[in-house]
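Undergrad: Please find coords-v4.txt (compact mmCIF, C-alpha atoms) on the next line:
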```txt
# COMPACT_ATOMS: atom_id res chain seq x y z
CA MET A 3 21.18 -8.65 1.64
CA PRO A 4 19.07 -9.62 -1.40
CA HIS A 5 22.30 -10.44 -3.19
CA ALA A 6 23.12 -13.06 -0.57
CA ILE A 7 19.75 -14.72 -1.11
CA GLN A 8 20.22 -14.74 -4.88
CA GLU A 9 23.68 -16.27 -4.53
CA GLU A 10 22.50 -18.81 -1.99
CA TYR A 11 19.46 -19.93 -3.99
CA PRO A 12 20.13 -19.41 -7.69
CA VAL A 13 17.03 -19.65 -9.86
CA GLU A 14 18.80 -21.86 -12.35
CA ALA A 15 19.29 -24.53 -9.66
CA GLY A 16 15.50 -25.00 -9.59
CA GLY A 17 15.40 -25.83 -13.28
CA ILE A 18 14.16 -22.45 -14.55
CA SER A 19 16.24 -19.61 -15.90
CA LYS A 20 15.95 -16.05 -14.66
CA THR A 21 14.71 -15.02 -18.10
CA GLU A 22 11.97 -17.65 -18.04
CA LEU A 23 10.98 -16.73 -14.49
CA LYS A 24 10.78 -13.06 -15.47
CA ARG A 25 8.62 -13.94 -18.49
CA LEU A 26 6.29 -16.09 -16.38
CA MET A 27 5.96 -13.38 -13.72
CA LYS A 28 5.18 -10.77 -16.36
CA GLU A 29 2.61 -13.06 -17.97
CA ALA A 30 0.99 -13.74 -14.60
CA MET A 31 0.79 -10.03 -13.73
CA ILE A 32 -0.74 -9.18 -17.10
CA SER A 33 -3.23 -12.01 -16.71
CA VAL A 34 -4.29 -10.89 -13.22
CA LEU A 35 -4.59 -7.24 -14.23
CA THR A 36 -6.55 -8.16 -17.36
CA GLU A 37 -8.92 -10.55 -15.64
CA ARG A 38 -9.29 -8.59 -12.39
CA LYS A 39 -9.34 -4.93 -13.42
CA ASP A 40 -11.19 -4.19 -10.19
CA LEU A 41 -8.01 -4.91 -8.22
CA LEU A 42 -6.09 -2.21 -10.05
CA GLU A 43 -9.03 0.19 -9.90
CA ASP A 44 -9.35 -0.34 -6.13
CA ALA A 45 -5.63 0.18 -5.59
CA VAL A 46 -5.59 3.40 -7.60
CA SER A 47 -8.75 4.65 -5.87
CA GLU A 48 -7.26 3.96 -2.43
CA ALA A 49 -4.03 5.73 -3.40
CA ILE A 50 -5.96 8.80 -4.54
CA LEU A 51 -7.99 8.86 -1.32
CA ASP A 52 -4.80 8.55 0.73
CA MET A 53 -3.25 11.46 -1.16
CA LYS A 54 -6.37 13.58 -0.65
CA LEU A 55 -6.40 12.80 3.06
CA GLY A 56 -2.73 13.72 3.35
CA LEU A 57 -3.30 17.01 1.52
CA ALA A 58 -6.31 17.82 3.72
CA MET A 59 -4.26 17.10 6.84
CA GLU A 60 -1.46 19.35 5.65
CA GLU A 61 -3.92 22.11 4.77
CA GLY A 62 -5.63 21.86 8.15
CA ASP A 63 -2.38 21.78 10.12
CA THR A 64 -2.20 25.27 11.60
CA GLY A 65 0.22 24.37 14.35
CA GLU A 66 -2.44 25.23 16.92
CA TYR A 67 -3.22 22.35 19.22
CA VAL A 68 -6.04 21.75 21.68
CA PRO A 69 -5.14 20.15 24.99
CA GLU A 70 -6.16 16.54 25.49
CA SER A 71 -8.15 17.56 28.57
CA GLU A 72 -10.52 19.55 26.33
CA VAL A 73 -10.92 16.90 23.62
CA PHE A 74 -11.65 13.73 25.59
CA PRO A 75 -14.64 15.03 27.60
CA LYS A 76 -16.30 16.13 24.34
CA LEU A 77 -15.64 12.77 22.73
CA LEU A 78 -17.07 10.92 25.71
CA LEU A 79 -20.21 13.08 25.78
CA GLU A 80 -20.86 12.58 22.06
CA SER A 81 -19.95 8.88 21.98
CA PRO A 82 -22.84 6.53 21.17
CA PHE A 83 -21.32 3.88 23.49
```
What would the structure in this file look like if it were written as structure tokens?
TA:
Amino acid sequence: MPHAIQEEYPVEAGGISKTELKRLMKEAMISVLTERKDLLEDAVSEAILDMKLGLAMEEGDTGEYVPESEVFPKLLLESPF
């Protein structure tokens, strides 16, 4: 499907070549990552936390499940609401 979009709306028709668009996009990405290092740091930090959570879930998955009828009463008793 992306090919249909590229054929329907060629970049060159807008007055800019694909090479120039690629260069501008690269320049913009470098500029953002240079000026806003916190964005990249936050993204990497979130990815690491997601991986750790996934690993912890896999490690804790024993295949043993507790029935819903046992969980909800405990949650309701301990809920601050």
Undergrad: I'd like the interatomic distance between CA of Glu61 in chain A and CA of Asp44 in chain A, to a tenth of an Å.
TA: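 Computing the Euclidean distance for CA of Glu61 in chain A and CA of Asp44 in chain A yields 25.5 Å.
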Undergrad: Please measure the separation of CA of Thr64 in chain A and CA of Ser47 in chain A, giving the value in Å to one decimal.
TA: 27.8 Å
Undergrad: What does the distance from CA of Met27 in chain A to CA of Leu41 in chain A come to in Å, to one decimal?
TA: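 Between these atoms lies a distance of 17.2 Å.
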Undergrad: Which centre and edge lengths in Å to one decimal define the box along x, y and z that fits every listed atom of range 17-25 of chain A plus 4 Å per side, as JSON?
TA:
```
{"center_x": 12.4, "center_y": -19.4, "center_z": -15.9, "size_x": 15.6, "size_y": 20.8, "size_z": 13.2}
```
